[in-house]
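Beneath this line is the structure, given in structure tokens, with notes to follow.
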Amino acid sequence: MPEPASTFGAGIDSIYYIILWITGAIFVLVETALIVFIIRYRHREGRVAAYSHGNKKAEIVWTVIPFILVLFIVYASNDIWLEVKRADQGGAAPADALPLRVVAKQFEWNVTYPGPDGELDTADDFVKRNQLHVPIGRAVRIDLGSEDVIHSFFLPDFRVKQDAVPGMTIPVWFEATRTGEFPLACAELCGLGHYRMRASLTVHEAADFDLWQSQEIAASGSPTGASEIDTERANEAEISEGEESA
Amino acid sequence: MSEAAAIHAHAPRPMEGIRVYNVKLGMWVFLLSEVMFFSGLIGAYIILRFANPEQWAAPGEVLNVTLTAFNTFMLICSSVTMVKAFAAIEHGDQAGLKRWLLATIVLGAAFVGIQVFEYIKLAEHGFVPMASQYAADGGGPLYGSTFYTMTGFHGAHVTIGVLCLIFTLVKALRGHYTEEYYSGVEIMGLYWHFVDLVWIILFTIVYLI
Amino acid sequence: MSTTQLLAPNVTAQHWADPSHPDDRPFIRRYIFSTDHKTIGNQFMFMSLFFLLVGGALAMMIRWQLGWPGQPMPGGGVLPETMAPGGILLPEFYNSLVTMHGTFMIFFAIMPLLVGMFGNWLIPLHVGASDMAFPRLNMMSFWSAVPAGFIMLASFVVEGGAAGAGWTAYPPLSAVPEYSGVSTGQQLWCVSLIILGFSSLMGAVNYITTIVNMRAPGMTWMRMPLPIWSLFITAILILLAIPILAGAAIMLLFDQTIGTTFFLPEAGGQPLLWQHLFWYFGHPEVYILILPAMGVASEVIANGSRKPIFGYPAMVGAIVAIAFLGWIVWGHHMFQSGMNPLLGSSFMLSTMIIAVPSAIKVFNWLGTIWRGDIHFHTPMLNALAFVGMFVIGGLSGVFMASTPVDIYIHDTYFIVAHLHYVLFGGSLFAIFAGIYFWFPKFFGRMLSPTLGKIHFALTFVFYNLVFFPMHNLGLGGMMRRIYDPNQYGFLEPLQPMNTFVSVFALALGVSQLVFFFNILWSLWRGEKAPENPWRSNSLEWSLASPPPHGNFEAMPAVYRGPYEYSYPGRGEDFWLQGEPPDGGAVHAPTGGAPVGEGVPQ
């Protein structure tokens, strides 16, 4: 697995390793027993098999132990699952999250950015195809939708995967912990071009993100003025700084 | 050695199964799977309707409840005649068997006939399953498509039932059934009552609610 | 009044085998439109093995593309331009390959082998009946599976090619031709599965009725061989699950053809509704594909260990528990589908709990071989491999059942590895075990043990070299069903591993030819099979190989459970279920002619 690049990535990996240890131990135990028994009790002249229909005590033991183990795994998994899905918040992303909209269609990802005002569905929104840019250290909320078939929004490094279903808007959130460029892949068979429905996710430092945003707006001839962007950027920088110190 | 004792304890005695003869058991088992089939359709209907309440017209606005209520009444009557046919052969009443089977066939066929008539009338008013051509005054395309799928599959079951009833009647006319041997009539009855029961549920959720 | 009168003909008036009367059925009634369960079992074997070959060939093409992306496939030039111009597979054809590989293997190979073949072979013989409860229905069951298979196969040559939306056929991709590029093929997929549903349903009605009503005197529920228990529970699952698939497939077909919108969002339909219906069928289906394999493996392991099965009641209980829990776990296929996360938590709990009865079964198999006297005949080797591989498949399932871990590995090669460990390592090894075990009984000839062991060794080694690395591919992030992983920079380092997998996949494919050769060769040249080559206990082993039409000469009687191996103080280490306690010949209960040992060859 690639090194996690999101806040909850490490948590997901930890439960993976817990399960790996538990199942690994069972695997070694069972397969060793199997091999030992196969060798130890192989047919030899004069060997007589034991006549036994079972042993209630042993059976109860190996019913109860797996039961306890799986309940433990459920308990450990559920904590992280609820944290990732923010079930205690009704699934909503953190309030100060940067809102983005990603709409999948055969075979591309269209990302709508809120622009300097930080709100979607306003005049300063702009759209980029197959390019997802986010700032580091700030939660990102993505309203995920699809225009045609079911796609799946997969960020391997961020341990994020969510199907994009036409007719539904599904919230996804994550917070990046590393800057750099990461792959965004489609994980659900979506037709002829499924295998090449890829995009990139770039994580910037907060200031670089604002710079990138203003460049994009300038390039596309945005209606908003440069000074406004600067104020906005300053505000955002403050917010993200505040977060980091908190 | 108690195990050994258990092994030797009894001389084998015949297994009684569940004291239902094969064909009847087979029919019950088959009807279980029919229950699952209609449950699947009804489940889908409920989910779609809850998600899109605006697509459903008020009861009676698009569908003709009076006509279908009459049709439902006929189908219930046909269940009664089916019971009569079974009761007749249980007592060896050959004439009664033929008479009541014929009555059941007539009622069943009339049900299908009225349903076809209803379909034609509805289609004329633009109530069709095709989403792109739906043009009825009330409701929306899902209303049409679920209506035709559910009532259509029920109608197909009635039609198959009528054909099987005709087959049963032909055998009855040839004196195939007797006071001792009437399993064919009994399983026909089971199927027919099942189809009747499904209709009562469908009539309630499709027409009345 | 009537019940007992009507009950009697079920059990007493069976058409038992009559040695004084030669089997004079004409060729067509005997071999083609036969109502004899043994012939129908054989027919299911040949049909399913044919589709196993088809599915295997499709897998070879998939592995070629993944091992050597974009390279012309050797011999691929024979494929038409619409599939592989110049031998280079097209992406749309690749989508059809993965779809049809899954469809053929699940619906036309594994399922009819386990349910159609073993069900027909074993149920009447194991319960002591002359045939199924409804022999003609049984014949229709087979003869509707055949056209279903060929409709599916024919979809490759129709305009637009075969279905390409995955074996799960998620709409809207599967419903709208503009999205998938496939129209007729996708409709034929629905039609074929609906017909196959009828076939399975007819089989299930037959199995349940036969097992409930046709058991010979003394064959109590707790004396039934485990394959019969597992097939009984499987038949109930089929009975209740298949109609759900049929209903969903019909709605999908309407969406495709007449323009309804059950699963299309434009007019309020719900894509997730299909997934719920499909997996409500689909998860019981998963157990349909493994329970009979568990039953067959139990039978072979007890026989190979010369020891009673460990904890028979727990084995039965585990089968019932798995089947029951199997109805409430379907949501674990949909953790990332947009379903409510809290629902995900409850599905995680039920899914994890279902691991417990599976664990019980594994430990009981270990308990069975413990202190045994293990004979490594070919069936036993395959059955032991089944246990070893099922453990891996079961444990890897725990990863996917954990919702947070599933976020990462869902729809990657990890799931591909998992499902092949269960379906190939589990089901198929048990199928091999069962075919090696019962082939002699139904064809009267032994399969070559030498070829059998070669086939086993090659399959076991290559199989693990193919599927174990797939776990790593999945953990590396490689999505399933992608035509060319090298489109992604982060998957490029995995290419050597993909090539490695493909090399051994091709070797695995080729080594299966040993098995097919063994069957064909042994049919004509194999050593003549004795009545009881494995010194086994259940009723069929007292009959000639193959048993005559009508099976037993008179109603058999059953005196003990099926796993009385190595009973202390007996000279033999096995004890036929039908052998009277006084040790005399196997008699009919009413003192009729002896059956079994006395049947002339």
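So you can find residues: chains in the structure tokens are A, B, ... in the order shown, residues in each start at 1, and ligands are numbered from 1 in order.
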Please identify all residues of chain C having at least one atom at most 6 Å from any atom of chain B, considering only C-alpha atoms, and return them as number ranges by chain. C: 6-7, 205, 209, 212-213, 217-218, 239-240, 243-244, 259-260, 560
Can those selected residues be exported to a file as an mmCIF file, in the first residue's frame so that it contains C-alpha atoms?
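And here's out_11.cif as it stands now:
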```cif
data_model
loop_
_atom_site.group_PDB
_atom_site.id
_atom_site.type_symbol
_atom_site.label_atom_id
_atom_site.label_comp_id
_atom_site.auth_asym_id
_atom_site.auth_seq_id
_atom_site.Cartn_x
_atom_site.Cartn_y
_atom_site.Cartn_z
ATOM 1 C CA LEU C 6 -51.475 -40.676 -1.112
ATOM 2 C CA LEU C 7 -48.167 -40.886 0.728
ATOM 3 C CA VAL C 205 -38.103 -28.141 -6.309
ATOM 4 C CA THR C 209 -39.097 -32.866 -2.480
ATOM 5 C CA VAL C 212 -37.865 -34.531 2.370
ATOM 6 C CA ASN C 213 -40.102 -37.303 1.077
ATOM 7 C CA PRO C 217 -36.379 -46.518 5.861
ATOM 8 C CA GLY C 218 -33.789 -45.665 8.483
ATOM 9 C CA LEU C 239 -35.491 -21.604 -4.462
ATOM 10 C CA LEU C 240 -35.643 -18.307 -2.612
ATOM 11 C CA PRO C 243 -36.694 -15.525 -8.259
ATOM 12 C CA ILE C 244 -35.191 -12.275 -6.982
ATOM 13 C CA GLY C 259 -38.002 1.992 -22.316
ATOM 14 C CA THR C 260 -39.006 1.701 -18.677
ATOM 15 C CA ARG C 560 -26.409 -46.214 10.729
#
```
If the cut-off is 7 Å, can you tell me the residues of chain C near chain A, counting only C-alpha atoms? I'd like them as a PyMOL selection string. chain C and resi 91-92+165+172-173+179-180+265+306-311+336-338+341+345+348-349+352-353+356+360+366+369-375+388+395+399+402-405+407-408+411+475-477+479+481-484+487+566-568
Hey, what's within 9 Å of range 128-141 of chain A if we count only C-alpha atoms and toss same-chain stuff fewer than 6 positions away? As a ChimeraX atom specification, please? /A:7,92-102,108-113,171-179,184,197-210,212-213,239-241,243-244
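In this model, the gap between CA of Gln186 in chain C and CA of Leu52 in chain C comes to 21.1 Å.
Between CA of Gly247 in chain C and CA of Ala59 in chain C lies a distance of 29.4 Å.
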Every residue of range 34-155 of chain B that DSSP places in alpha helix (DSSP H), as a PyMOL selection string: chain B and resi 34-51+65-90+94-124+141-155
Long-range neighbours of Trp524 in chain C as a list of chain:residue names, 12 Å cut-off, only C-alpha atoms, 6 positions minimum in chain: C:Phe443, C:Gly444, C:Arg445, C:Met446, C:Leu447, C:Ser448, C:Phe517, C:Asn518
Any chance you could export the current selection's C-alpha atoms as a PDB file, in the first residue's frame?
```pdb
ATOM      1  CA  PHE C 443     -19.074 -44.292 -15.628  1.00  0.00           C
ATOM      2  CA  GLY C 444     -17.910 -47.685 -14.407  1.00  0.00           C
ATOM      3  CA  ARG C 445     -14.256 -46.813 -14.971  1.00  0.00           C
ATOM      4  CA  MET C 446     -11.581 -45.443 -12.676  1.00  0.00           C
ATOM      5  CA  LEU C 447      -9.923 -42.159 -13.574  1.00  0.00           C
ATOM      6  CA  SER C 448      -6.183 -42.658 -13.953  1.00  0.00           C
ATOM      7  CA  PHE C 517      -7.596 -35.840 -21.182  1.00  0.00           C
ATOM      8  CA  ASN C 518      -7.908 -38.058 -18.106  1.00  0.00           C
TER       9      ASN C 518
END
```
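Across C:Ile233, C:Glu285, C:Arg525, C:Arg63, the tightest approach to Met497 in chain C is made by C:Arg63 when counting only C-alpha atoms.
Residues in contact with Val83 in chain B at 10 Å, where only C-alpha atoms are counted and same-chain residues fewer than 2 positions away are skipped, are listed as Cys77, Ser78, Ser79, Val80, Thr81, Ala85, Phe86, Ala87, Ala88, Leu97, Trp100, Leu101, Thr104, Val185, Glu186, Gly189, Leu190, Trp192 and His193 of chain B.
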Could you take the residues named above and write them with C-alpha atoms, as a compact mmCIF listing (two decimals), in the first residue's frame?
```txt
# COMPACT_ATOMS: atom_id res chain seq x y z
CA CYS B 77 -65.43 -16.12 -6.81
CA SER B 78 -63.21 -18.30 -8.99
CA SER B 79 -61.35 -19.38 -5.86
CA VAL B 80 -64.66 -20.43 -4.36
CA THR B 81 -65.57 -22.43 -7.46
CA ALA B 85 -64.47 -28.49 -7.66
CA PHE B 86 -62.02 -29.99 -5.17
CA ALA B 87 -64.80 -30.79 -2.70
CA ALA B 88 -66.76 -32.47 -5.49
CA LEU B 97 -65.94 -31.54 -10.63
CA TRP B 100 -67.04 -26.23 -11.06
CA LEU B 101 -63.81 -26.50 -13.08
CA THR B 104 -63.42 -21.49 -12.63
CA VAL B 185 -57.08 -31.07 -8.88
CA GLU B 186 -55.63 -30.34 -5.47
CA GLY B 189 -56.29 -25.46 -6.51
CA LEU B 190 -53.17 -24.53 -4.52
CA TRP B 192 -55.06 -20.91 -8.16
CA HIS B 193 -55.56 -19.76 -4.57
```
